[in-house]
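K.L.:
File start13.csv below, CSV, C-alpha atoms:
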```csv
chain,number,residue,atom,x,y,z
X,1,MET,CA,0.0,0.0,0.0
X,2,THR,CA,2.9,2.3,0.8
X,3,ARG,CA,4.2,1.9,-2.8
X,4,LEU,CA,0.8,2.8,-4.1
X,5,TYR,CA,0.8,6.0,-2.0
X,6,LEU,CA,4.3,6.9,-3.2
X,7,ALA,CA,3.3,6.3,-6.9
X,8,ALA,CA,0.2,8.5,-6.4
X,9,ALA,CA,2.2,11.3,-4.7
X,10,ALA,CA,4.9,11.2,-7.4
X,11,ALA,CA,2.3,11.3,-10.2
X,12,ASN,CA,0.5,14.1,-8.5
X,13,ALA,CA,3.6,16.2,-8.0
X,14,TRP,CA,4.9,15.6,-11.5
X,15,VAL,CA,1.5,16.4,-13.2
X,16,LEU,CA,1.6,19.7,-11.3
X,17,LEU,CA,5.2,20.3,-12.4
X,18,GLY,CA,4.2,19.5,-16.0
X,19,VAL,CA,1.4,22.1,-15.9
X,20,LEU,CA,3.8,24.7,-14.5
X,21,ALA,CA,6.4,23.8,-17.2
X,22,ALA,CA,3.6,24.2,-19.9
X,23,ALA,CA,2.9,27.6,-18.4
X,24,PHE,CA,6.6,28.5,-18.9
X,25,VAL,CA,6.5,27.2,-22.5
X,26,ALA,CA,3.5,29.5,-23.1
X,27,GLN,CA,5.4,32.4,-21.5
X,28,PHE,CA,8.6,32.1,-23.3
X,29,VAL,CA,7.8,30.3,-26.6
X,30,ALA,CA,4.5,32.0,-27.3
X,31,GLY,CA,5.7,35.3,-25.7
X,32,GLU,CA,2.9,35.7,-23.2
X,33,PRO,CA,4.0,37.1,-19.9
X,34,PRO,CA,1.6,35.9,-17.1
X,35,CYS,CA,-1.0,38.2,-15.6
X,36,PRO,CA,-1.4,38.6,-11.8
X,37,LEU,CA,-4.1,35.9,-11.7
X,38,CYS,CA,-1.9,33.5,-13.7
X,39,VAL,CA,1.0,34.1,-11.3
X,40,MET,CA,-1.3,33.5,-8.3
X,41,GLN,CA,-2.5,30.2,-9.9
X,42,ARG,CA,1.1,29.2,-10.3
X,43,ILE,CA,1.8,30.0,-6.6
X,44,ALA,CA,-1.3,28.0,-5.5
X,45,MET,CA,-0.1,25.1,-7.7
X,46,MET,CA,3.3,25.1,-6.1
X,47,LEU,CA,1.8,25.4,-2.7
X,48,ALA,CA,-0.4,22.4,-3.5
X,49,ALA,CA,2.7,20.4,-4.8
X,50,ILE,CA,4.2,20.7,-1.3
X,51,GLY,CA,1.6,18.1,-0.2
X,52,PRO,CA,2.7,15.2,-2.3
X,53,CYS,CA,6.3,16.2,-1.7
X,54,HIS,CA,5.6,15.9,2.0
X,55,ILE,CA,4.4,12.4,1.6
X,56,LEU,CA,7.4,11.4,-0.6
X,57,ILE,CA,9.9,13.0,1.9
X,58,ALA,CA,8.2,11.3,4.9
X,59,ALA,CA,8.4,7.9,3.2
X,60,SER,CA,12.1,8.4,2.3
X,61,ARG,CA,13.0,9.0,6.0
X,62,GLY,CA,11.1,6.1,7.5
X,63,PRO,CA,7.8,4.2,7.5
X,64,LEU,CA,5.0,6.2,5.9
X,65,GLU,CA,2.4,7.0,8.5
X,66,ALA,CA,-1.2,8.1,8.3
X,67,ARG,CA,-0.2,11.4,10.0
X,68,ASP,CA,2.1,12.3,7.0
X,69,VAL,CA,-0.5,11.3,4.4
X,70,GLY,CA,-3.1,13.4,6.3
X,71,ILE,CA,-0.8,16.5,6.4
X,72,GLY,CA,0.2,16.0,2.7
X,73,SER,CA,-3.4,15.6,1.6
X,74,GLY,CA,-4.5,18.6,3.7
X,75,ILE,CA,-1.8,20.8,2.1
X,76,LEU,CA,-2.9,19.5,-1.3
X,77,VAL,CA,-6.5,20.3,-0.7
X,78,LEU,CA,-5.9,23.8,0.8
X,79,GLY,CA,-3.6,24.9,-2.0
X,80,SER,CA,-6.0,23.4,-4.6
X,81,LEU,CA,-9.0,25.2,-3.2
X,82,LEU,CA,-7.3,28.5,-3.3
X,83,GLY,CA,-6.0,27.8,-6.9
X,84,ALA,CA,-9.5,26.7,-8.0
X,85,ALA,CA,-11.0,29.9,-6.7
X,86,ILE,CA,-8.5,32.0,-8.6
X,87,SER,CA,-9.0,29.8,-11.8
X,88,VAL,CA,-12.8,30.1,-11.5
X,89,ARG,CA,-12.4,33.9,-11.2
X,90,GLN,CA,-10.4,34.0,-14.4
X,91,VAL,CA,-12.7,31.7,-16.3
X,92,LEU,CA,-15.7,33.9,-15.3
X,93,LEU,CA,-13.9,37.0,-16.5
X,94,HIS,CA,-13.8,35.5,-20.0
X,95,ILE,CA,-17.0,33.5,-20.1
X,96,LEU,CA,-19.1,35.9,-22.3
X,97,PRO,CA,-19.7,34.8,-25.9
X,98,GLY,CA,-17.1,36.3,-28.3
X,99,ASP,CA,-14.5,36.8,-25.6
X,100,PRO,CA,-11.2,35.4,-27.0
X,101,GLY,CA,-9.8,34.7,-23.4
X,102,PHE,CA,-6.4,35.6,-22.1
X,103,GLY,CA,-3.5,34.1,-23.9
X,104,ALA,CA,-3.5,31.3,-26.5
X,105,PRO,CA,-5.4,28.1,-25.9
X,106,ILE,CA,-3.5,24.9,-25.5
X,107,MET,CA,-5.3,21.8,-26.8
X,108,GLY,CA,-8.5,23.7,-27.0
X,109,TYR,CA,-8.5,25.2,-23.5
X,110,HIS,CA,-6.8,28.2,-22.0
X,111,LEU,CA,-4.2,27.7,-19.3
X,112,TYR,CA,-6.5,28.8,-16.5
X,113,THR,CA,-9.1,26.3,-17.6
X,114,TRP,CA,-6.5,23.5,-17.5
X,115,ALA,CA,-5.4,24.8,-14.1
X,116,LEU,CA,-9.0,24.5,-12.8
X,117,ILE,CA,-9.2,20.9,-14.1
X,118,ALA,CA,-5.9,20.2,-12.4
X,119,PHE,CA,-7.0,21.7,-9.1
X,120,ALA,CA,-10.3,19.8,-9.1
X,121,CYS,CA,-8.4,16.5,-9.8
X,122,ASN,CA,-6.0,17.3,-6.9
X,123,ILE,CA,-8.9,17.6,-4.5
X,124,GLY,CA,-10.3,14.3,-5.8
X,125,ALA,CA,-6.9,12.6,-5.5
X,126,ALA,CA,-6.5,13.9,-1.9
X,127,GLY,CA,-10.0,12.5,-1.0
X,128,VAL,CA,-9.0,9.1,-2.4
X,129,GLN,CA,-5.7,9.2,-0.5
X,130,LEU,CA,-7.5,10.0,2.8
X,131,VAL,CA,-10.1,7.2,2.3
X,132,GLY,CA,-7.2,4.8,1.4
X,133,LEU,CA,-5.8,5.3,4.9
X,134,ALA,CA,-8.2,2.6,6.0
X,135,TRP,CA,-5.8,0.1,4.4
X,136,LEU,CA,-2.4,1.8,5.1
X,137,ARG,CA,-0.1,-0.1,7.4
X,138,PRO,CA,3.2,1.6,8.4
X,139,GLU,CA,5.9,0.0,6.3
X,140,VAL,CA,9.2,1.3,5.0
X,141,GLY,CA,8.8,2.6,1.5
X,142,GLY,CA,12.5,1.9,0.6
X,143,ARG,CA,15.2,4.4,0.0
X,144,SER,CA,14.9,5.9,-3.5
X,145,PRO,CA,16.0,9.2,-5.0
X,146,LEU,CA,12.3,10.0,-5.9
X,147,ALA,CA,11.7,12.3,-3.0
X,148,ALA,CA,15.0,14.3,-3.6
X,149,ILE,CA,14.4,14.5,-7.4
X,150,THR,CA,10.7,15.6,-7.0
X,151,ALA,CA,11.4,18.1,-4.2
X,152,GLY,CA,14.5,19.4,-6.1
X,153,ALA,CA,12.4,19.9,-9.3
X,154,LEU,CA,9.8,21.8,-7.3
X,155,ALA,CA,12.5,24.0,-5.8
X,156,VAL,CA,14.0,24.7,-9.3
X,157,MET,CA,10.5,25.6,-10.5
X,158,LEU,CA,10.0,28.0,-7.6
X,159,VAL,CA,13.3,29.7,-8.2
X,160,ALA,CA,12.6,30.0,-11.9
X,161,ASN,CA,9.2,31.5,-11.1
X,162,ILE,CA,10.8,34.0,-8.6
X,163,LEU,CA,13.3,35.1,-11.3
X,164,SER,CA,10.6,35.3,-13.9
X,165,VAL,CA,8.2,37.4,-11.8
X,166,ILE,CA,11.1,39.8,-10.8
X,167,ALA,CA,12.0,40.1,-14.5
X,168,GLU,CA,8.4,40.8,-15.3
X,169,ALA,CA,7.5,43.3,-12.6
X,170,GLY,CA,10.9,44.8,-12.0
X,171,PHE,CA,11.0,46.1,-8.4
X,172,ALA,CA,7.4,47.2,-8.4
X,173,TRP,CA,5.1,45.7,-5.7
X,174,HIS,CA,2.4,44.6,-8.2
X,175,LEU,CA,2.4,43.2,-11.7
X,176,PRO,CA,0.7,45.2,-14.5
X,177,ASP,CA,-2.9,43.9,-15.2
X,178,ASN,CA,-2.1,43.0,-18.8
X,179,PRO,CA,1.7,42.6,-19.0
X,180,VAL,CA,3.2,42.6,-22.4
X,181,ARG,CA,6.9,43.0,-21.6
X,182,TYR,CA,9.6,42.5,-18.9
X,183,LEU,CA,9.9,45.7,-16.9
X,184,LEU,CA,13.2,44.8,-15.3
X,185,PHE,CA,14.9,45.0,-18.7
X,186,GLY,CA,13.6,48.6,-19.3
X,187,GLY,CA,10.5,47.6,-21.3
X,188,GLY,CA,8.2,49.8,-19.2
F,189,MET,CA,7.9,41.8,-5.6
F,190,LEU,CA,4.8,40.7,-3.7
F,191,TYR,CA,4.5,37.5,-5.7
F,192,ALA,CA,8.3,36.9,-5.5
F,193,LEU,CA,8.0,37.1,-1.7
F,194,LEU,CA,5.1,34.7,-1.7
F,195,MET,CA,7.1,32.2,-3.8
F,196,ALA,CA,10.1,32.6,-1.5
F,197,LEU,CA,7.8,31.8,1.4
F,198,THR,CA,6.6,28.7,-0.5
F,199,LEU,CA,10.3,27.7,-1.1
F,200,ALA,CA,10.9,28.1,2.6
F,201,ALA,CA,8.0,25.8,3.4
F,202,LEU,CA,9.4,23.2,1.0
F,203,ALA,CA,12.9,23.5,2.5
F,204,ALA,CA,11.5,23.1,6.0
F,205,GLY,CA,9.6,20.0,4.9
F,206,TRP,CA,12.8,18.6,3.4
F,207,ARG,CA,14.5,19.1,6.8
F,208,ARG,CA,11.4,17.6,8.5
F,209,HIS,CA,11.2,20.9,10.5
F,210,ALA,CA,8.0,21.8,12.4
F,211,ALA,CA,7.9,25.2,10.7
F,212,GLN,CA,6.8,23.6,7.4
F,213,VAL,CA,3.0,23.8,8.1
F,214,PRO,CA,3.1,27.3,9.6
F,215,LEU,CA,5.1,28.6,6.6
F,216,PHE,CA,2.7,26.9,4.2
F,217,LEU,CA,-0.3,28.4,6.0
F,218,LEU,CA,1.3,31.9,6.0
F,219,ALA,CA,2.0,31.7,2.3
F,220,LEU,CA,-1.6,30.4,1.7
F,221,VAL,CA,-3.2,33.2,3.7
F,222,VAL,CA,-1.1,35.9,2.1
F,223,THR,CA,-1.8,34.6,-1.4
F,224,ALA,CA,-5.5,34.5,-0.6
F,225,TRP,CA,-5.2,38.1,0.7
F,226,ALA,CA,-3.5,39.1,-2.6
F,227,PHE,CA,-6.3,37.5,-4.6
F,228,ALA,CA,-9.0,39.2,-2.5
F,229,SER,CA,-7.2,42.5,-3.1
F,230,ASP,CA,-7.1,41.9,-6.8
F,231,ILE,CA,-10.8,41.1,-7.2
F,232,THR,CA,-12.0,43.9,-4.9
F,233,ASP,CA,-9.8,46.8,-6.1
F,234,ALA,CA,-11.5,48.1,-9.2
F,235,LEU,CA,-8.2,49.7,-10.3
F,236,SER,CA,-6.3,46.4,-10.3
F,237,ILE,CA,-8.7,43.9,-11.8
F,238,SER,CA,-6.5,41.7,-13.8
F,239,LEU,CA,-7.3,39.8,-17.0
```
Turn this file's structure into C-alpha cells for me.

P.N.:
Amino acid sequence: MTRLYLAAAAANAWVLLGVLAAAFVAQFVAGEPPCPLCVMQRIAMMLAAIGPCHILIAASRGPLEARDVGIGSGILVLGSLLGAAISVRQVLLHILPGDPGFGAPIMGYHLYTWALIAFACNIGAAGVQLVGLAWLRPEVGGRSPLAAITAGALAVMLVANILSVIAEAGFAWHLPDNPVRYLLFGGG
Amino acid sequence: MLYALLMALTLAALAAGWRRHAAQVPLFLLALVVTAWAFASDITDALSISL
C-alpha cells in the first residue's frame, strides 16, 4: 500500500510540475508574460505540490504513517481550493460569448481552464488518499531518490518563477494587469 | 515583488519540509493566507482587476 501512495504522490507532483512547465513554455515560446491571476495560480499550484512532496519525503526517511498522508493531503486540498477559486475567477472574466480569453489556448483550453481541471483533480486525489488510509499499514517505502528529485524539481520551479516574476515586474510591488513586456529590462 | 516574496515563502516551506522541521506547516499556511489576501485585493480593487 505504501508503494501505491508513493506512486500516487509522485504522479500528483509531476503532473503539477508539468502544468507549471507548460505555463513556462507559453510564457517564453509564445511570448505571453503571465498576468497577476496567472501568477497566483502558479503560486497555488506550487503550494499544493508541497503536499505530495511531504508524503514522498516522509516515506524516504522512515515508515509512511497516516499522519504524514493526512498532512500532505491537507496541504494539497488547501492549495488546490485557493487555486481553484483563482481559476474560476479568471474563467468567469472570459465567459461571455465572443471573448477570446487571455493568452493562446493549449489543446482547446486556456491555461486557467487547465489549471482549474488540475486543481479539481487534486482535490479528488486527496480524497482518495485519505479514504485509502483505511488500508495503510506503516511500512518502509524503501530508499529511493524519488523524493529528492521531486522536491528538487519543485525547488527549481519555484526559483525559476521567482526570477521570472522579478523580471516581469521589476522592483514594483504589483504586476501590471495586462503585462506585455519585462519591466526589469527597461521595457516599461 | 509581492509574488516573488510569496514564492520565497513557499520555497521556505518546502525547505522546512525537506529538513522535517516543524515550521513547514506554519510557513505553508502563512503563504496560503497571504496569497488569498493578494487574490482578494485583486478582485475587490476596481483599479487592479487583472485579465

K.L.:
With all atoms listed in the file considered, list every residue of chain X at most 9 Å from chain F, as a VMD selection string.

P.N.:
chain X and resid 35 to 40 43 to 44 46 to 47 50 53 to 54 57 to 58 71 75 78 to 79 82 86 89 to 90 93 to 94 101 to 102 148 151 154 to 155 158 to 159 161 to 166 169 to 178

K.L.:
Record the distance separating CA of Trp14 (chain X) and CA of Glu65 (chain X), expressed in Å with one decimal.

P.N.:
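Interatomic distance, CA of Trp14 (chain X) to CA of Glu65 (chain X): 21.9 Å.
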
K.L.:
Could you check how far CA of Ser73 (chain X) sits from CA of Ala126 (chain X), in Å to one decimal?

P.N.:
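Computing it gives 5.0 Å between the two atoms.
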
K.L.:
What is the distance, in Å and to one decimal place, between CA of Gly186 (chain X) and CA of Pro100 (chain X)?

P.N.:
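Going from CA of Gly186 (chain X) over to CA of Pro100 (chain X) covers 29.1 Å.
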
K.L.:
Using only C-alpha atoms, which protein or nucleic acid residues come within 12 Å of Cys121 (chain X)? Drop anything in the same chain fewer than 5 positions from it, and give the result as a ChimeraX atom specification.

P.N.:
/X:11-12,15-16,48,76-77,80-81,83-84,114-116,126-128

K.L.:
Give me a file of those residues, with C-alpha atoms, as a PDB file, keeping the file's coordinate frame.

P.N.:
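Writing the result to out28.pdb gives the following:
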```pdb
ATOM      1  CA  ALA X  11       2.300  11.300 -10.200  1.00  0.00           C
ATOM      2  CA  ASN X  12       0.500  14.100  -8.500  1.00  0.00           C
ATOM      3  CA  VAL X  15       1.500  16.400 -13.200  1.00  0.00           C
ATOM      4  CA  LEU X  16       1.600  19.700 -11.300  1.00  0.00           C
ATOM      5  CA  ALA X  48      -0.400  22.400  -3.500  1.00  0.00           C
ATOM      6  CA  LEU X  76      -2.900  19.500  -1.300  1.00  0.00           C
ATOM      7  CA  VAL X  77      -6.500  20.300  -0.700  1.00  0.00           C
ATOM      8  CA  SER X  80      -6.000  23.400  -4.600  1.00  0.00           C
ATOM      9  CA  LEU X  81      -9.000  25.200  -3.200  1.00  0.00           C
ATOM     10  CA  GLY X  83      -6.000  27.800  -6.900  1.00  0.00           C
ATOM     11  CA  ALA X  84      -9.500  26.700  -8.000  1.00  0.00           C
ATOM     12  CA  TRP X 114      -6.500  23.500 -17.500  1.00  0.00           C
ATOM     13  CA  ALA X 115      -5.400  24.800 -14.100  1.00  0.00           C
ATOM     14  CA  LEU X 116      -9.000  24.500 -12.800  1.00  0.00           C
ATOM     15  CA  ALA X 126      -6.500  13.900  -1.900  1.00  0.00           C
ATOM     16  CA  GLY X 127     -10.000  12.500  -1.000  1.00  0.00           C
ATOM     17  CA  VAL X 128      -9.000   9.100  -2.400  1.00  0.00           C
TER      18      VAL X 128
END
```

K.L.:
Closest to Leu183 (chain X) among X:Pro138, X:Pro33, X:Gly108, X:Gly18, using only C-alpha atoms?

P.N.:
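With only C-alpha atoms as the atom set, the closest residue is X:Pro33.
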
K.L.:
Counting all atoms listed in the file, note down every residue that has an atom within 10 Å of the point (-2.3, 1.0, 4.9) (file coordinates), as a PDB file with C-alpha atoms, in the frame of the given file.

P.N.:
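selection_11.pdb was written with the following content:
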```
ATOM      1  CA  MET X   1       0.000   0.000   0.000  1.00  0.00           C
ATOM      2  CA  THR X   2       2.900   2.300   0.800  1.00  0.00           C
ATOM      3  CA  LEU X   4       0.800   2.800  -4.100  1.00  0.00           C
ATOM      4  CA  TYR X   5       0.800   6.000  -2.000  1.00  0.00           C
ATOM      5  CA  LEU X  64       5.000   6.200   5.900  1.00  0.00           C
ATOM      6  CA  GLU X  65       2.400   7.000   8.500  1.00  0.00           C
ATOM      7  CA  ALA X  66      -1.200   8.100   8.300  1.00  0.00           C
ATOM      8  CA  GLY X 132      -7.200   4.800   1.400  1.00  0.00           C
ATOM      9  CA  LEU X 133      -5.800   5.300   4.900  1.00  0.00           C
ATOM     10  CA  ALA X 134      -8.200   2.600   6.000  1.00  0.00           C
ATOM     11  CA  TRP X 135      -5.800   0.100   4.400  1.00  0.00           C
ATOM     12  CA  LEU X 136      -2.400   1.800   5.100  1.00  0.00           C
ATOM     13  CA  ARG X 137      -0.100  -0.100   7.400  1.00  0.00           C
ATOM     14  CA  PRO X 138       3.200   1.600   8.400  1.00  0.00           C
ATOM     15  CA  GLU X 139       5.900   0.000   6.300  1.00  0.00           C
TER      16      GLU X 139
END
```

K.L.:
Which is closer to Val88 (chain X) than all the others in X:Arg67, X:Ile117, X:Ala167, X:Gly152, using all atoms listed in the file?

P.N.:
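The closest residue to Val88 (chain X) is X:Ile117.
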
K.L.:
Counting all atoms listed in the file, figure out which residue out of X:Ala118, X:Ile123, X:Leu96, X:Met45 gets nearest to Leu20 (chain X).

P.N.:
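Selected residue with least distance to Leu20 (chain X): X:Met45.
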